[in-house]
Every structure is written in structure tokens, then in C-alpha cells.
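Structure first, commentary second.
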Amino acid sequence: MILGWFFPGCEPDRLAGREATMARTVHYYRLQSKADNELVASTGKLAGRAPRNILQSPFPKVKAFIGTLGNQTGIEFITMVKPDDGCPPGQAYWSEGRPGVEVLHPDELVAIAVNIVARND
């Protein structure tokens with residue numbers, strides 16, 4: 001491949017890794033208020049508590065949907081933190097105790113670092 005000759009550091013093996021990483025970038029979204037959007041934008045962190053509805057759990061988790069935000073109020077984001085295995089289809093969770101999940105209040109509130117790619121207030 002001639003690309004490495006023109007661009008040092010872009011040898012085929014190294015370039016292939018970057019392309020694979022870009023291809024795996026997953027977009028997530030969360031429906032939330034304008035105030036919550038501003039909090040995430042100012043801190044770079046998305047927080048979560050224990051689920052209270054159908055899938056109740058005593059363990060705090062950051063919760064989001066997989067896909068794009070569309071016209072709904074909330075944020076669309078990417079993150080380098082890998083979600084939990086075994087999440088329901090179309091959803092992603094990041095639980096306390098996993099690598100990259102920051103504990104803000106033990107057994108109550110956790111957060112992950114995110115980059116917002118779309119925001120609707």
C-alpha cells in the first residue's frame with residue numbers, strides 16, 4: 001500500500017486499526033431535560049442511578065438507548081467506556097464497578113465520560 005509512503009505513521013497495519021475503531025463507534029442517546037443537557041455539556045459526564053421501573057436493580061447504572069436522537073429532547077453522545085454485556089436490545093447500561101465508570105456517590109450515583117455529538121433542548 002502506497003499510503004504509508006506518503007503519510008508516515010499510516011502504514012497499513014496502523015491505519016487498519018484506526019479504521020476499525022472508527023467503524024465501531026456507536027452512537028447512544030438519552031432523553032432528558034434542557035437542564036440535564038446543560039449539566040452533561042458543562043461536566044462532560046453522564047450520570048445514572050439505580051433503575052426503578054420494569055428492570056429494577058439496586059445497583060446504579062448510566063442508562064441510554066443505542067442509535068440517534070432525532071428530534072426528541074435530549075443528547076446524542078459517544079463514549080470510550082464499554083457498556084455492560086447482556087443489556088436489553090437497543091439499550092446500553094454502564095454499571096458501578098466496571099472499568100471507566102466513575103462512582104460519584106457509592107451505591108447511589110455513577111457517571112461515564114461522554115462526548116456530545118447532538119443536542120436538542
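Every chain in the C-alpha cells takes a letter, A first, then B, and so on in the order presented; its residues are numbered from 1, and the ligands are numbered from 1 following the presented order.
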If you count only C-alpha atoms, which residues fall within 9 Å of Thr79 in chain A, apart from same-chain ones fewer than 2 positions away, as a PyMOL selection string? chain A and resi 25-28+77+81-82+112-116
Give me a file of those residues, with N, CA and C atoms, as a short mmCIF file (atom, residue, chain, number, x, y, z; two decimals), in the first residue's frame.
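Written out: result_9.cif:
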data_model
loop_
_atom_site.label_atom_id
_atom_site.label_comp_id
_atom_site.auth_asym_id
_atom_site.auth_seq_id
_atom_site.Cartn_x
_atom_site.Cartn_y
_atom_site.Cartn_z
N THR A 25 -17.54 2.91 16.23
CA THR A 25 -18.08 3.98 17.05
C THR A 25 -19.60 3.86 17.09
N VAL A 26 -20.12 3.71 18.29
CA VAL A 26 -21.56 3.55 18.48
C VAL A 26 -22.12 4.86 19.02
N HIS A 27 -23.23 5.29 18.46
CA HIS A 27 -23.91 6.47 18.97
C HIS A 27 -25.00 6.03 19.94
N TYR A 28 -25.06 6.72 21.05
CA TYR A 28 -26.07 6.47 22.08
C TYR A 28 -26.87 7.75 22.24
N PHE A 77 -24.63 10.96 22.09
CA PHE A 77 -23.24 11.00 22.52
C PHE A 77 -22.49 9.75 22.09
N VAL A 81 -16.10 4.31 26.99
CA VAL A 81 -16.38 3.31 28.01
C VAL A 81 -17.28 2.23 27.43
N LYS A 82 -16.86 0.99 27.54
CA LYS A 82 -17.62 -0.14 27.01
C LYS A 82 -18.85 -0.38 27.88
N ILE A 112 -20.22 8.30 33.48
CA ILE A 112 -19.21 7.98 32.46
C ILE A 112 -18.86 9.26 31.71
N ALA A 113 -17.66 9.31 31.16
CA ALA A 113 -17.24 10.44 30.34
C ALA A 113 -17.86 10.28 28.95
N VAL A 114 -18.43 11.37 28.42
CA VAL A 114 -19.07 11.32 27.11
C VAL A 114 -18.67 12.53 26.27
N ASN A 115 -18.81 12.39 24.97
CA ASN A 115 -18.68 13.50 24.03
C ASN A 115 -20.02 13.66 23.34
N ILE A 116 -20.63 14.80 23.51
CA ILE A 116 -21.95 15.05 22.91
C ILE A 116 -21.77 15.32 21.42
#
Write out as number ranges by chain all residues of range 25-111 of chain A that DSSP puts in strand (DSSP E or B) for this structure's backbone. A: 28-31, 45-48, 61-66, 74-78, 91-95, 102-105, 109-111
Please dump the current selection as a PDB file, in the first residue's frame; keep C-alpha atoms.
ATOM      1  CA  TYR A  28     -26.072   6.473  22.079  1.00  0.00           C
ATOM      2  CA  TYR A  29     -28.821   8.848  23.116  1.00  0.00           C
ATOM      3  CA  ARG A  30     -30.706   9.785  26.230  1.00  0.00           C
ATOM      4  CA  LEU A  31     -33.992  11.616  26.522  1.00  0.00           C
ATOM      5  CA  LYS A  45     -20.135  13.313  32.336  1.00  0.00           C
ATOM      6  CA  LEU A  46     -23.422  11.457  32.055  1.00  0.00           C
ATOM      7  CA  ALA A  47     -24.719  10.149  35.387  1.00  0.00           C
ATOM      8  CA  GLY A  48     -27.196   7.498  36.425  1.00  0.00           C
ATOM      9  CA  LYS A  61     -26.183   2.470  36.209  1.00  0.00           C
ATOM     10  CA  VAL A  62     -25.875   5.060  33.487  1.00  0.00           C
ATOM     11  CA  LYS A  63     -28.660   4.217  31.032  1.00  0.00           C
ATOM     12  CA  ALA A  64     -29.053   5.139  27.359  1.00  0.00           C
ATOM     13  CA  PHE A  65     -30.555   3.976  24.089  1.00  0.00           C
ATOM     14  CA  ILE A  66     -28.470   2.866  21.111  1.00  0.00           C
ATOM     15  CA  GLY A  74     -32.009  15.116  24.984  1.00  0.00           C
ATOM     16  CA  ILE A  75     -28.453  14.335  23.904  1.00  0.00           C
ATOM     17  CA  GLU A  76     -26.728  12.007  21.476  1.00  0.00           C
ATOM     18  CA  PHE A  77     -23.239  11.005  22.520  1.00  0.00           C
ATOM     19  CA  ILE A  78     -20.272   8.717  22.067  1.00  0.00           C
ATOM     20  CA  GLN A  91     -30.279  -0.190  25.248  1.00  0.00           C
ATOM     21  CA  ALA A  92     -26.904   0.269  26.934  1.00  0.00           C
ATOM     22  CA  TYR A  93     -26.017   0.331  30.624  1.00  0.00           C
ATOM     23  CA  TRP A  94     -22.782   1.202  32.397  1.00  0.00           C
ATOM     24  CA  SER A  95     -22.797  -0.239  35.936  1.00  0.00           C
ATOM     25  CA  GLU A 102     -16.856   6.706  37.985  1.00  0.00           C
ATOM     26  CA  VAL A 103     -18.583   6.406  41.365  1.00  0.00           C
ATOM     27  CA  LEU A 104     -19.951   9.816  42.378  1.00  0.00           C
ATOM     28  CA  HIS A 105     -21.853   8.530  45.451  1.00  0.00           C
ATOM     29  CA  LEU A 109     -24.816   7.608  41.602  1.00  0.00           C
ATOM     30  CA  VAL A 110     -22.309   6.735  38.847  1.00  0.00           C
ATOM     31  CA  ALA A 111     -21.099   8.530  35.706  1.00  0.00           C
TER      32      ALA A 111
END
Give me the residues near Asp121 in chain A as a PDB file with C-alpha atoms, in the first residue's frame, where near means some atom within 10 Å (using only C-alpha atoms) and where sequence neighbours in that chain fewer than 3 positions away do not count.
ATOM      1  CA  GLN A  32     -33.686  14.272  29.216  1.00  0.00           C
ATOM      2  CA  SER A  33     -34.480  17.865  30.088  1.00  0.00           C
ATOM      3  CA  LYS A  34     -32.730  21.014  28.880  1.00  0.00           C
ATOM      4  CA  ALA A  35     -31.252  21.459  32.380  1.00  0.00           C
ATOM      5  CA  ASP A  36     -29.801  17.933  32.293  1.00  0.00           C
ATOM      6  CA  ASN A  37     -28.431  18.581  28.800  1.00  0.00           C
ATOM      7  CA  GLU A  38     -26.612  21.639  30.131  1.00  0.00           C
ATOM      8  CA  ASN A  71     -35.997  15.431  17.076  1.00  0.00           C
ATOM      9  CA  GLN A  72     -36.519  14.428  20.703  1.00  0.00           C
ATOM     10  CA  THR A  73     -35.282  16.496  23.655  1.00  0.00           C
ATOM     11  CA  GLY A  74     -32.009  15.116  24.984  1.00  0.00           C
ATOM     12  CA  ILE A  75     -28.453  14.335  23.904  1.00  0.00           C
TER      13      ILE A  75
END
Neighbour list for Glu108 in chain A as an MDAnalysis selection string, cut-off 9 Å, only C-alpha atoms, skip fewer than 6 positions in-chain: chainID A and resid 48:50 58:61
